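Below is target23.cif, holding mmCIF, C-alpha atoms, pLDDT in the B column; chains and numbers go by the auth columns.
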```cif
data_start
#
loop_
_atom_site.group_PDB
_atom_site.id
_atom_site.type_symbol
_atom_site.label_atom_id
_atom_site.label_comp_id
_atom_site.label_asym_id
_atom_site.label_seq_id
_atom_site.Cartn_x
_atom_site.Cartn_y
_atom_site.Cartn_z
_atom_site.B_iso_or_equiv
_atom_site.auth_seq_id
_atom_site.auth_asym_id
ATOM 1 C CA MET A 1 95.419 68.166 138.429 92.00 10 O
ATOM 2 C CA GLU A 2 93.209 67.106 135.538 96.00 11 O
ATOM 3 C CA TRP A 3 94.699 66.104 132.189 96.00 12 O
ATOM 4 C CA SER A 4 93.027 69.120 130.560 97.00 13 O
ATOM 5 C CA GLU A 5 94.775 71.451 133.030 97.00 14 O
ATOM 6 C CA ILE A 6 98.288 70.337 132.041 98.00 15 O
ATOM 7 C CA GLU A 7 99.967 72.982 129.903 98.00 16 O
ATOM 8 C CA ARG A 8 103.653 72.037 130.151 98.00 17 O
ATOM 9 C CA ALA A 9 105.353 68.706 130.770 98.00 18 O
ATOM 10 C CA MET A 10 108.985 67.671 131.128 98.00 19 O
ATOM 11 C CA VAL A 11 110.360 64.156 130.634 98.00 20 O
ATOM 12 C CA VAL A 12 113.647 63.575 132.498 98.00 21 O
ATOM 13 C CA PHE A 13 115.604 60.437 131.635 98.00 22 O
ATOM 14 C CA ALA A 14 119.087 58.966 131.723 97.00 23 O
ATOM 15 C CA HIS A 15 119.885 57.877 128.155 97.00 24 O
ATOM 16 C CA PRO A 16 118.778 58.730 124.644 96.00 25 O
ATOM 17 C CA ASP A 17 115.902 56.305 123.879 94.00 26 O
ATOM 18 C CA ASP A 18 114.757 55.857 127.529 96.00 27 O
ATOM 19 C CA ALA A 19 111.875 58.288 127.050 97.00 28 O
ATOM 20 C CA GLU A 20 110.640 56.515 123.946 97.00 29 O
ATOM 21 C CA PHE A 21 110.417 53.184 125.767 95.00 30 O
ATOM 22 C CA GLY A 22 108.731 54.617 128.857 95.00 31 O
ATOM 23 C CA SER A 23 106.557 57.555 127.893 98.00 32 O
ATOM 24 C CA ALA A 24 106.596 58.365 124.164 98.00 33 O
ATOM 25 C CA GLY A 25 102.891 57.607 123.833 98.00 34 O
ATOM 26 C CA THR A 26 102.032 59.985 126.664 98.00 35 O
ATOM 27 C CA ALA A 27 104.362 62.692 125.365 98.00 36 O
ATOM 28 C CA SER A 28 103.010 62.455 121.814 98.00 37 O
ATOM 29 C CA LYS A 29 99.431 62.562 123.091 98.00 38 O
ATOM 30 C CA MET A 30 100.228 65.707 125.069 98.00 39 O
ATOM 31 C CA ALA A 31 101.965 67.344 122.117 98.00 40 O
ATOM 32 C CA ALA A 32 99.107 66.478 119.754 98.00 41 O
ATOM 33 C CA GLU A 33 96.720 68.292 122.112 98.00 42 O
ATOM 34 C CA GLY A 34 98.857 71.439 122.127 98.00 43 O
ATOM 35 C CA LYS A 35 100.622 70.900 125.432 98.00 44 O
ATOM 36 C CA ASP A 36 104.281 71.914 125.525 98.00 45 O
ATOM 37 C CA VAL A 37 106.583 68.920 126.081 98.00 46 O
ATOM 38 C CA VAL A 38 110.339 69.132 126.665 98.00 47 O
ATOM 39 C CA TYR A 39 112.948 66.407 127.066 98.00 48 O
ATOM 40 C CA VAL A 40 115.858 66.500 129.516 98.00 49 O
ATOM 41 C CA VAL A 41 118.509 63.885 128.637 98.00 50 O
ATOM 42 C CA VAL A 42 120.912 63.466 131.538 98.00 51 O
ATOM 43 C CA THR A 43 123.793 61.419 130.058 97.00 52 O
ATOM 44 C CA ASP A 44 125.680 61.719 126.800 95.00 53 O
ATOM 45 C CA GLY A 45 124.969 58.147 125.676 92.00 54 O
ATOM 46 C CA SER A 46 128.671 57.530 125.100 90.00 55 O
ATOM 47 C CA LYS A 47 128.684 53.933 126.374 90.00 56 O
ATOM 48 C CA GLY A 48 125.807 52.608 124.274 84.00 57 O
ATOM 49 C CA SER A 49 127.655 50.287 121.895 81.00 58 O
ATOM 50 C CA SER A 50 129.421 46.919 121.895 80.00 59 O
ATOM 51 C CA ASP A 51 131.272 47.756 118.664 80.00 60 O
ATOM 52 C CA PRO A 52 135.034 47.608 119.438 86.00 61 O
ATOM 53 C CA ASN A 53 135.628 50.288 116.788 80.00 62 O
ATOM 54 C CA ALA A 54 133.138 52.781 118.196 83.00 63 O
ATOM 55 C CA THR A 55 134.329 55.860 120.070 87.00 64 O
ATOM 56 C CA GLY A 56 132.610 57.772 122.832 86.00 65 O
ATOM 57 C CA GLU A 57 132.655 61.020 120.873 90.00 66 O
ATOM 58 C CA GLU A 58 131.125 59.362 117.834 90.00 67 O
ATOM 59 C CA LEU A 59 128.388 57.791 119.966 91.00 68 O
ATOM 60 C CA LYS A 60 127.579 61.127 121.596 92.00 69 O
ATOM 61 C CA ARG A 61 127.013 62.691 118.180 95.00 70 O
ATOM 62 C CA ILE A 62 124.988 59.772 116.821 95.00 71 O
ATOM 63 C CA ARG A 63 122.763 59.406 119.854 95.00 72 O
ATOM 64 C CA GLU A 64 122.085 63.121 120.170 96.00 73 O
ATOM 65 C CA GLU A 65 121.024 63.184 116.529 97.00 74 O
ATOM 66 C CA GLU A 66 118.825 60.113 117.044 97.00 75 O
ATOM 67 C CA GLN A 67 117.206 61.691 120.094 98.00 76 O
ATOM 68 C CA TRP A 68 116.381 64.826 118.144 98.00 77 O
ATOM 69 C CA ASN A 69 114.893 62.714 115.356 98.00 78 O
ATOM 70 C CA ALA A 70 112.713 60.835 117.847 98.00 79 O
ATOM 71 C CA ALA A 71 111.663 64.083 119.532 98.00 80 O
ATOM 72 C CA ARG A 72 110.520 65.508 116.193 98.00 81 O
ATOM 73 C CA VAL A 73 108.358 62.434 115.590 98.00 82 O
ATOM 74 C CA ILE A 74 106.681 62.968 118.960 98.00 83 O
ATOM 75 C CA GLY A 75 106.323 66.743 118.719 98.00 84 O
ATOM 76 C CA VAL A 76 108.664 67.658 121.576 98.00 85 O
ATOM 77 C CA SER A 77 109.390 71.390 121.581 97.00 86 O
ATOM 78 C CA ASP A 78 112.955 71.236 122.940 98.00 87 O
ATOM 79 C CA VAL A 79 115.611 68.726 124.008 98.00 88 O
ATOM 80 C CA CYS A 80 118.045 69.665 126.782 98.00 89 O
ATOM 81 C CA PHE A 81 121.218 67.561 127.012 98.00 90 O
ATOM 82 C CA LEU A 82 122.855 67.794 130.451 98.00 91 O
ATOM 83 C CA GLY A 83 125.978 65.915 129.306 97.00 92 O
ATOM 84 C CA PHE A 84 126.764 63.709 132.301 97.00 93 O
ATOM 85 C CA ASP A 85 128.995 60.711 131.587 96.00 94 O
ATOM 86 C CA ASP A 86 126.991 57.671 130.505 95.00 95 O
ATOM 87 C CA GLY A 87 127.165 54.636 132.798 94.00 96 O
ATOM 88 C CA LEU A 88 128.710 56.469 135.754 96.00 97 O
ATOM 89 C CA LEU A 89 125.789 58.341 137.307 97.00 98 O
ATOM 90 C CA VAL A 90 125.303 58.369 141.058 97.00 99 O
ATOM 91 C CA PRO A 91 122.881 60.466 143.109 97.00 100 O
ATOM 92 C CA SER A 92 124.697 63.748 143.660 98.00 101 O
ATOM 93 C CA LEU A 93 124.179 67.428 144.318 98.00 102 O
ATOM 94 C CA ASP A 94 125.598 68.225 140.877 98.00 103 O
ATOM 95 C CA LEU A 95 122.917 66.088 139.249 98.00 104 O
ATOM 96 C CA ARG A 96 120.204 67.561 141.482 98.00 105 O
ATOM 97 C CA ARG A 97 121.347 71.078 140.638 98.00 106 O
ATOM 98 C CA ALA A 98 121.315 70.379 136.898 98.00 107 O
ATOM 99 C CA ILE A 99 117.802 68.915 136.938 98.00 108 O
ATOM 100 C CA SER A 100 116.598 71.728 139.212 98.00 109 O
ATOM 101 C CA GLY A 101 117.980 74.250 136.741 98.00 110 O
ATOM 102 C CA ALA A 102 116.102 72.579 133.883 98.00 111 O
ATOM 103 C CA ILE A 103 112.870 72.612 135.889 98.00 112 O
ATOM 104 C CA ARG A 104 113.287 76.288 136.655 98.00 113 O
ATOM 105 C CA ARG A 105 114.066 77.018 133.015 98.00 114 O
ATOM 106 C CA TYR A 106 111.136 75.132 131.449 98.00 115 O
ATOM 107 C CA ARG A 107 108.649 75.474 134.367 98.00 116 O
ATOM 108 C CA PRO A 108 106.601 72.294 133.804 98.00 117 O
ATOM 109 C CA ASP A 109 103.323 71.454 135.490 98.00 118 O
ATOM 110 C CA VAL A 110 104.171 67.749 135.353 98.00 119 O
ATOM 111 C CA VAL A 111 107.552 65.985 135.399 98.00 120 O
ATOM 112 C CA ILE A 112 107.869 62.406 134.133 98.00 121 O
ATOM 113 C CA GLY A 113 110.910 60.554 135.457 98.00 122 O
ATOM 114 C CA PRO A 114 112.319 57.075 136.194 97.00 123 O
ATOM 115 C CA ASN A 115 111.827 54.941 139.260 96.00 124 O
ATOM 116 C CA PRO A 116 114.493 55.686 141.917 96.00 125 O
ATOM 117 C CA VAL A 117 113.997 52.366 143.757 93.00 126 O
ATOM 118 C CA ARG A 118 115.512 49.032 142.790 89.00 127 O
ATOM 119 C CA ASP A 119 112.584 46.631 142.445 83.00 128 O
ATOM 120 C CA LEU A 120 113.614 42.997 142.082 81.00 129 O
ATOM 121 C CA SER A 121 110.205 42.084 140.673 78.00 130 O
ATOM 122 C CA MET A 122 110.873 44.250 137.604 75.00 131 O
ATOM 123 C CA THR A 123 113.027 43.578 134.558 77.00 132 O
ATOM 124 C CA VAL A 124 116.717 44.334 135.040 77.00 133 O
ATOM 125 C CA PHE A 125 116.654 46.775 132.104 74.00 134 O
ATOM 126 C CA ALA A 126 114.478 49.174 134.098 77.00 135 O
ATOM 127 C CA GLN A 127 117.011 49.117 136.934 85.00 136 O
ATOM 128 C CA HIS A 128 120.112 50.469 135.257 93.00 137 O
ATOM 129 C CA PRO A 129 121.985 52.426 137.957 95.00 138 O
ATOM 130 C CA ASP A 130 121.838 55.548 135.775 97.00 139 O
ATOM 131 C CA HIS A 131 118.031 55.294 135.798 97.00 140 O
ATOM 132 C CA LEU A 132 117.963 54.954 139.580 97.00 141 O
ATOM 133 C CA ALA A 133 120.225 57.964 140.044 98.00 142 O
ATOM 134 C CA VAL A 134 118.138 60.129 137.718 98.00 143 O
ATOM 135 C CA GLY A 135 114.965 58.978 139.467 98.00 144 O
ATOM 136 C CA GLU A 136 116.319 59.913 142.893 98.00 145 O
ATOM 137 C CA GLU A 137 117.574 63.337 141.868 98.00 146 O
ATOM 138 C CA ALA A 138 114.535 64.165 139.723 98.00 147 O
ATOM 139 C CA LEU A 139 112.367 63.592 142.801 98.00 148 O
ATOM 140 C CA ALA A 140 114.733 65.643 144.959 98.00 149 O
ATOM 141 C CA ALA A 141 114.755 68.424 142.368 98.00 150 O
ATOM 142 C CA VAL A 142 110.967 68.518 142.076 98.00 151 O
ATOM 143 C CA TYR A 143 110.669 68.622 145.847 97.00 152 O
ATOM 144 C CA PRO A 144 112.165 70.665 147.288 97.00 153 O
ATOM 145 C CA ALA A 145 115.212 71.967 145.365 98.00 154 O
ATOM 146 C CA ALA A 146 113.597 73.581 142.306 98.00 155 O
ATOM 147 C CA ARG A 147 110.921 75.136 144.509 98.00 156 O
ATOM 148 C CA ASP A 148 113.086 76.578 147.280 97.00 157 O
ATOM 149 C CA ARG A 149 114.698 79.952 146.725 97.00 158 O
ATOM 150 C CA MET A 150 117.523 79.356 149.179 97.00 159 O
ATOM 151 C CA THR A 151 118.622 76.093 147.519 97.00 160 O
ATOM 152 C CA PHE A 152 121.269 76.462 144.793 98.00 161 O
ATOM 153 C CA PRO A 153 121.489 80.281 144.863 97.00 162 O
ATOM 154 C CA GLU A 154 123.767 80.062 141.831 98.00 163 O
ATOM 155 C CA LEU A 155 120.657 79.241 139.794 98.00 164 O
ATOM 156 C CA LEU A 156 119.187 82.596 140.817 98.00 165 O
ATOM 157 C CA GLU A 157 122.342 84.255 139.535 97.00 166 O
ATOM 158 C CA GLN A 158 121.585 82.640 136.168 97.00 167 O
ATOM 159 C CA GLY A 159 118.110 84.161 136.182 98.00 168 O
ATOM 160 C CA LEU A 160 116.395 80.856 137.024 98.00 169 O
ATOM 161 C CA GLU A 161 113.655 81.654 139.509 98.00 170 O
ATOM 162 C CA PRO A 162 112.124 78.924 141.731 98.00 171 O
ATOM 163 C CA HIS A 163 109.308 76.859 140.284 98.00 172 O
ATOM 164 C CA SER A 164 106.804 74.501 141.906 98.00 173 O
ATOM 165 C CA VAL A 165 105.967 71.367 139.928 98.00 174 O
ATOM 166 C CA LYS A 166 102.415 70.159 140.559 98.00 175 O
ATOM 167 C CA GLU A 167 102.946 66.424 139.919 98.00 176 O
ATOM 168 C CA ILE A 168 105.652 63.887 139.143 98.00 177 O
ATOM 169 C CA TRP A 169 104.830 60.660 137.291 98.00 178 O
ATOM 170 C CA ILE A 170 107.245 57.787 137.902 98.00 179 O
ATOM 171 C CA VAL A 171 108.005 55.320 135.082 96.00 180 O
ATOM 172 C CA GLY A 172 109.114 51.716 135.574 93.00 181 O
ATOM 173 C CA THR A 173 107.544 50.845 138.889 92.00 182 O
ATOM 174 C CA GLY A 174 105.578 47.782 139.907 89.00 183 O
ATOM 175 C CA ILE A 175 103.124 49.936 141.876 94.00 184 O
ATOM 176 C CA SER A 176 101.619 52.025 139.076 95.00 185 O
ATOM 177 C CA ASP A 177 98.377 53.850 139.863 97.00 186 O
ATOM 178 C CA HIS A 178 98.005 56.141 136.845 98.00 187 O
ATOM 179 C CA PHE A 179 97.436 54.859 133.301 98.00 188 O
ATOM 180 C CA VAL A 180 97.457 56.875 130.084 98.00 189 O
ATOM 181 C CA ASP A 181 95.615 55.524 127.051 98.00 190 O
ATOM 182 C CA ILE A 182 98.078 55.592 124.152 98.00 191 O
ATOM 183 C CA SER A 183 96.023 53.482 121.742 98.00 192 O
ATOM 184 C CA ASP A 184 95.885 56.311 119.186 97.00 193 O
ATOM 185 C CA MET A 185 99.598 57.025 119.624 98.00 194 O
ATOM 186 C CA MET A 186 101.085 53.535 119.466 97.00 195 O
ATOM 187 C CA ASP A 187 102.281 54.045 115.893 96.00 196 O
ATOM 188 C CA VAL A 188 103.972 57.309 116.898 97.00 197 O
ATOM 189 C CA LYS A 189 105.708 55.576 119.801 97.00 198 O
ATOM 190 C CA MET A 190 106.995 52.876 117.467 96.00 199 O
ATOM 191 C CA ARG A 191 108.243 55.375 114.888 95.00 200 O
ATOM 192 C CA ALA A 192 110.004 57.367 117.594 97.00 201 O
ATOM 193 C CA LEU A 193 111.704 54.234 118.910 96.00 202 O
ATOM 194 C CA SER A 194 112.783 53.325 115.386 94.00 203 O
ATOM 195 C CA ALA A 195 114.619 56.652 115.177 95.00 204 O
ATOM 196 C CA HIS A 196 117.192 55.223 117.610 96.00 205 O
ATOM 197 C CA VAL A 197 118.827 53.218 114.839 93.00 206 O
ATOM 198 C CA SER A 198 122.045 52.554 116.757 92.00 207 O
ATOM 199 C CA GLN A 199 120.189 51.094 119.740 90.00 208 O
ATOM 200 C CA VAL A 200 117.058 49.186 118.799 85.00 209 O
ATOM 201 C CA ASN A 201 116.467 45.957 116.967 79.00 210 O
ATOM 202 C CA LYS A 202 113.338 46.706 114.951 67.00 211 O
ATOM 203 C CA LEU A 203 111.995 43.155 115.111 65.00 212 O
ATOM 204 C CA ASP A 204 112.455 42.934 118.884 76.00 213 O
ATOM 205 C CA VAL A 205 110.853 46.346 119.423 82.00 214 O
ATOM 206 C CA GLU A 206 107.878 45.528 117.218 84.00 215 O
ATOM 207 C CA LYS A 207 107.266 42.398 119.290 85.00 216 O
ATOM 208 C CA PHE A 208 108.017 43.518 122.844 90.00 217 O
ATOM 209 C CA VAL A 209 106.833 47.139 123.037 94.00 218 O
ATOM 210 C CA PRO A 210 103.205 46.711 121.850 95.00 219 O
ATOM 211 C CA GLU A 211 102.832 43.590 123.989 95.00 220 O
ATOM 212 C CA ARG A 212 103.986 45.448 127.084 94.00 221 O
ATOM 213 C CA ALA A 213 101.665 48.365 126.325 96.00 222 O
ATOM 214 C CA ARG A 214 98.806 45.903 125.837 97.00 223 O
ATOM 215 C CA GLN A 215 99.514 44.282 129.221 95.00 224 O
ATOM 216 C CA LEU A 216 99.506 47.691 130.923 96.00 225 O
ATOM 217 C CA GLY A 217 96.164 48.543 129.326 97.00 226 O
ATOM 218 C CA GLU A 218 94.484 45.336 130.463 94.00 227 O
ATOM 219 C CA GLY A 219 91.910 45.928 133.167 88.00 228 O
ATOM 220 C CA HIS A 220 91.767 49.658 132.431 95.00 229 O
ATOM 221 C CA GLY A 221 89.661 49.618 129.284 95.00 230 O
ATOM 222 C CA MET A 222 92.611 50.552 127.090 98.00 231 O
ATOM 223 C CA GLN A 223 94.050 48.714 124.113 97.00 232 O
ATOM 224 C CA TYR A 224 97.513 50.140 124.826 98.00 233 O
ATOM 225 C CA ALA A 225 98.680 52.115 127.849 98.00 234 O
ATOM 226 C CA GLU A 226 101.688 53.606 129.620 98.00 235 O
ATOM 227 C CA ALA A 227 101.774 53.341 133.408 97.00 236 O
ATOM 228 C CA TYR A 228 103.050 55.606 136.167 98.00 237 O
ATOM 229 C CA ARG A 229 103.117 56.098 139.900 97.00 238 O
ATOM 230 C CA ARG A 230 101.535 59.519 140.255 98.00 239 O
ATOM 231 C CA ILE A 231 102.778 61.763 143.056 98.00 240 O
ATOM 232 C CA ILE A 232 100.934 65.025 143.733 97.00 241 O
ATOM 233 C CA ILE A 233 103.184 67.729 145.206 95.00 242 O
ATOM 234 C CA PRO A 234 101.571 69.629 148.106 86.00 243 O
#
```
This entry written out as structure tokens:
Amino acid sequence: MEWSEIERAMVVFAHPDDAEFGSAGTASKMAAEGKDVVYVVVTDGSKGSSDPNATGEELKRIREEEQWNAARVIGVSDVCFLGFDDGLLVPSLDLRRAISGAIRRYRPDVVIGPNPVRDLSMTVFAQHPDHLAVGEEALAAVYPAARDRMTFPELLEQGLEPHSVKEIWIVGTGISDHFVDISDMMDVKMRALSAHVSQVNKLDVEKFVPERARQLGEGHGMQYAEAYRRIIIP
């Protein structure tokens, strides 16, 4: 489908802050044009600290608040927290059911999600096992689970009717074929990332993130870009 035809988009990701690194420019561009954008955060973020005095419950609260702050910067209309345990995700029917339920609830035209395939040519940070699990089950939810009436009948009992997603855009792959110009949204992306105070080193982010976006834009006539593998659902 054409960019102008997109009305609703959903970004599915493992940890608070993943979406800001991978697709905040795209999400903010969509929101600025009046498209409805929702976030689905799969884990509770409870493992994201090396502080020996930190607790899981405290981290959950902090990271949920940070994710909401980042979402407000971008213009996201809602944030859905699925609450799976951080660091322990595996591909599972429970995870597929939860993502399918979110798709049926929000009914997006486009889903943005992580790469489900370990790619040894990519940075190790993109290959966290939680990311891979979310990528696998987001794809499985988009096709066929969220679409098929007979799959997860308990979702029907909750009033969640089947929904067919038109496209899924995969983040963090070495075989990108779809590039979004985020040149006008780079400052928004950076401000959204900075909202994750407990997670990001501002100096590192200010150096690495624009440089990566610049590299992705090279050869595509874009100053800064975000890149995806675009899959059209038949």
Å distance separating CA of Met231 in chain O from CA of Ala80 in chain O, one decimal place: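 Pair CA of Met231 in chain O / CA of Ala80 in chain O returns 24.6 Å.
Comparing the minimum interatomic distances between Ala154 in chain O and each of O:Asp94, O:Asp190, O:Glu166, O:Asp103, counting all atoms listed in the file, we find that O:Asp103 sits nearest.
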Explicit residues for the PyMOL selection byres ((chain O and resi 45-53) around 6) (as a list in words): Arg17, Ala18, Met19, Val20, Val21, Phe22, Ala23, His24, Lys44, Gly54, Ser55, Lys69, Val85, Ser86, Asp87, Val88, Cys89, Phe90, Leu91, Gly92, Phe93, Asp94 and Asp95 of chain O
Nearest candidate to Glu163 in chain O (options O:Ser59, O:Ser109, O:Gln76, O:Ser207; using all atoms listed in the file):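 Distance minimum relative to Glu163 in chain O lands on O:Ser109.
Going from CA of Ala111 in chain O over to CA of Thr64 in chain O, you cover 28.3 Å.
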Long-range neighbours of Val82 in chain O as a PDB file with C-alpha atoms, keeping the file's coordinate frame, 10 Å cut-off, all atoms listed in the file, 4 positions minimum in chain:
```pdb
ATOM      1  CA  ALA O  33     106.596  58.365 124.164  1.00 98.00           C
ATOM      2  CA  SER O  37     103.010  62.455 121.814  1.00 98.00           C
ATOM      3  CA  GLN O  76     117.206  61.691 120.094  1.00 98.00           C
ATOM      4  CA  TRP O  77     116.381  64.826 118.144  1.00 98.00           C
ATOM      5  CA  ASN O  78     114.893  62.714 115.356  1.00 98.00           C
ATOM      6  CA  VAL O 197     103.972  57.309 116.898  1.00 97.00           C
ATOM      7  CA  LYS O 198     105.708  55.576 119.801  1.00 97.00           C
ATOM      8  CA  MET O 199     106.995  52.876 117.467  1.00 96.00           C
ATOM      9  CA  ARG O 200     108.243  55.375 114.888  1.00 95.00           C
ATOM     10  CA  ALA O 201     110.004  57.367 117.594  1.00 97.00           C
ATOM     11  CA  LEU O 202     111.704  54.234 118.910  1.00 96.00           C
ATOM     12  CA  ALA O 204     114.619  56.652 115.177  1.00 95.00           C
TER      13      ALA O 204
END
```
Residues in the PyMOL selection byres ((chain O and resi 240) around 9), expressed as number ranges by chain: O: 175-179, 238-239, 241-242
Could you take the residues named above and write them with C-alpha atoms, as an mmCIF file, in the coordinates of the input?
```cif
data_model
loop_
_atom_site.group_PDB
_atom_site.id
_atom_site.type_symbol
_atom_site.label_atom_id
_atom_site.label_comp_id
_atom_site.auth_asym_id
_atom_site.auth_seq_id
_atom_site.Cartn_x
_atom_site.Cartn_y
_atom_site.Cartn_z
ATOM 1 C CA LYS O 175 102.415 70.159 140.559
ATOM 2 C CA GLU O 176 102.946 66.424 139.919
ATOM 3 C CA ILE O 177 105.652 63.887 139.143
ATOM 4 C CA TRP O 178 104.830 60.660 137.291
ATOM 5 C CA ILE O 179 107.245 57.787 137.902
ATOM 6 C CA ARG O 238 103.117 56.098 139.900
ATOM 7 C CA ARG O 239 101.535 59.519 140.255
ATOM 8 C CA ILE O 241 100.934 65.025 143.733
ATOM 9 C CA ILE O 242 103.184 67.729 145.206
#
```
Residues within 10 Å of Arg114 in chain O, all atoms listed in the file, excluding chain neighbours under 4 positions, as a PDB file with C-alpha atoms, in the coordinates of the input:
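Once written, part29.pdb looks like this:
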```
ATOM      1  CA  ILE O 108     117.802  68.915 136.938  1.00 98.00           C
ATOM      2  CA  SER O 109     116.598  71.728 139.212  1.00 98.00           C
ATOM      3  CA  GLY O 110     117.980  74.250 136.741  1.00 98.00           C
ATOM      4  CA  ALA O 155     113.597  73.581 142.306  1.00 98.00           C
ATOM      5  CA  LEU O 164     120.657  79.241 139.794  1.00 98.00           C
ATOM      6  CA  GLN O 167     121.585  82.640 136.168  1.00 97.00           C
ATOM      7  CA  GLY O 168     118.110  84.161 136.182  1.00 98.00           C
ATOM      8  CA  LEU O 169     116.395  80.856 137.024  1.00 98.00           C
ATOM      9  CA  GLU O 170     113.655  81.654 139.509  1.00 98.00           C
ATOM     10  CA  PRO O 171     112.124  78.924 141.731  1.00 98.00           C
ATOM     11  CA  HIS O 172     109.308  76.859 140.284  1.00 98.00           C
TER      12      HIS O 172
END
```
Distance criterion (all atoms listed in the file): nearest to Leu141 in chain O out of O:Asp157, O:Val99, O:Ser185, O:Leu104: O:Val99
Selected residue of minimal separation from Lys56 in chain O among O:Arg70, O:His137, O:Pro162, O:Gly96, counting only C-alpha atoms: O:Gly96
Selection near Ser32 in chain O, 9 Å with only C-alpha atoms, sequence-local residues under 3 positions removed, as a ChimeraX atom specification: /O:20,27-29,35-37,121,180,198,235-236
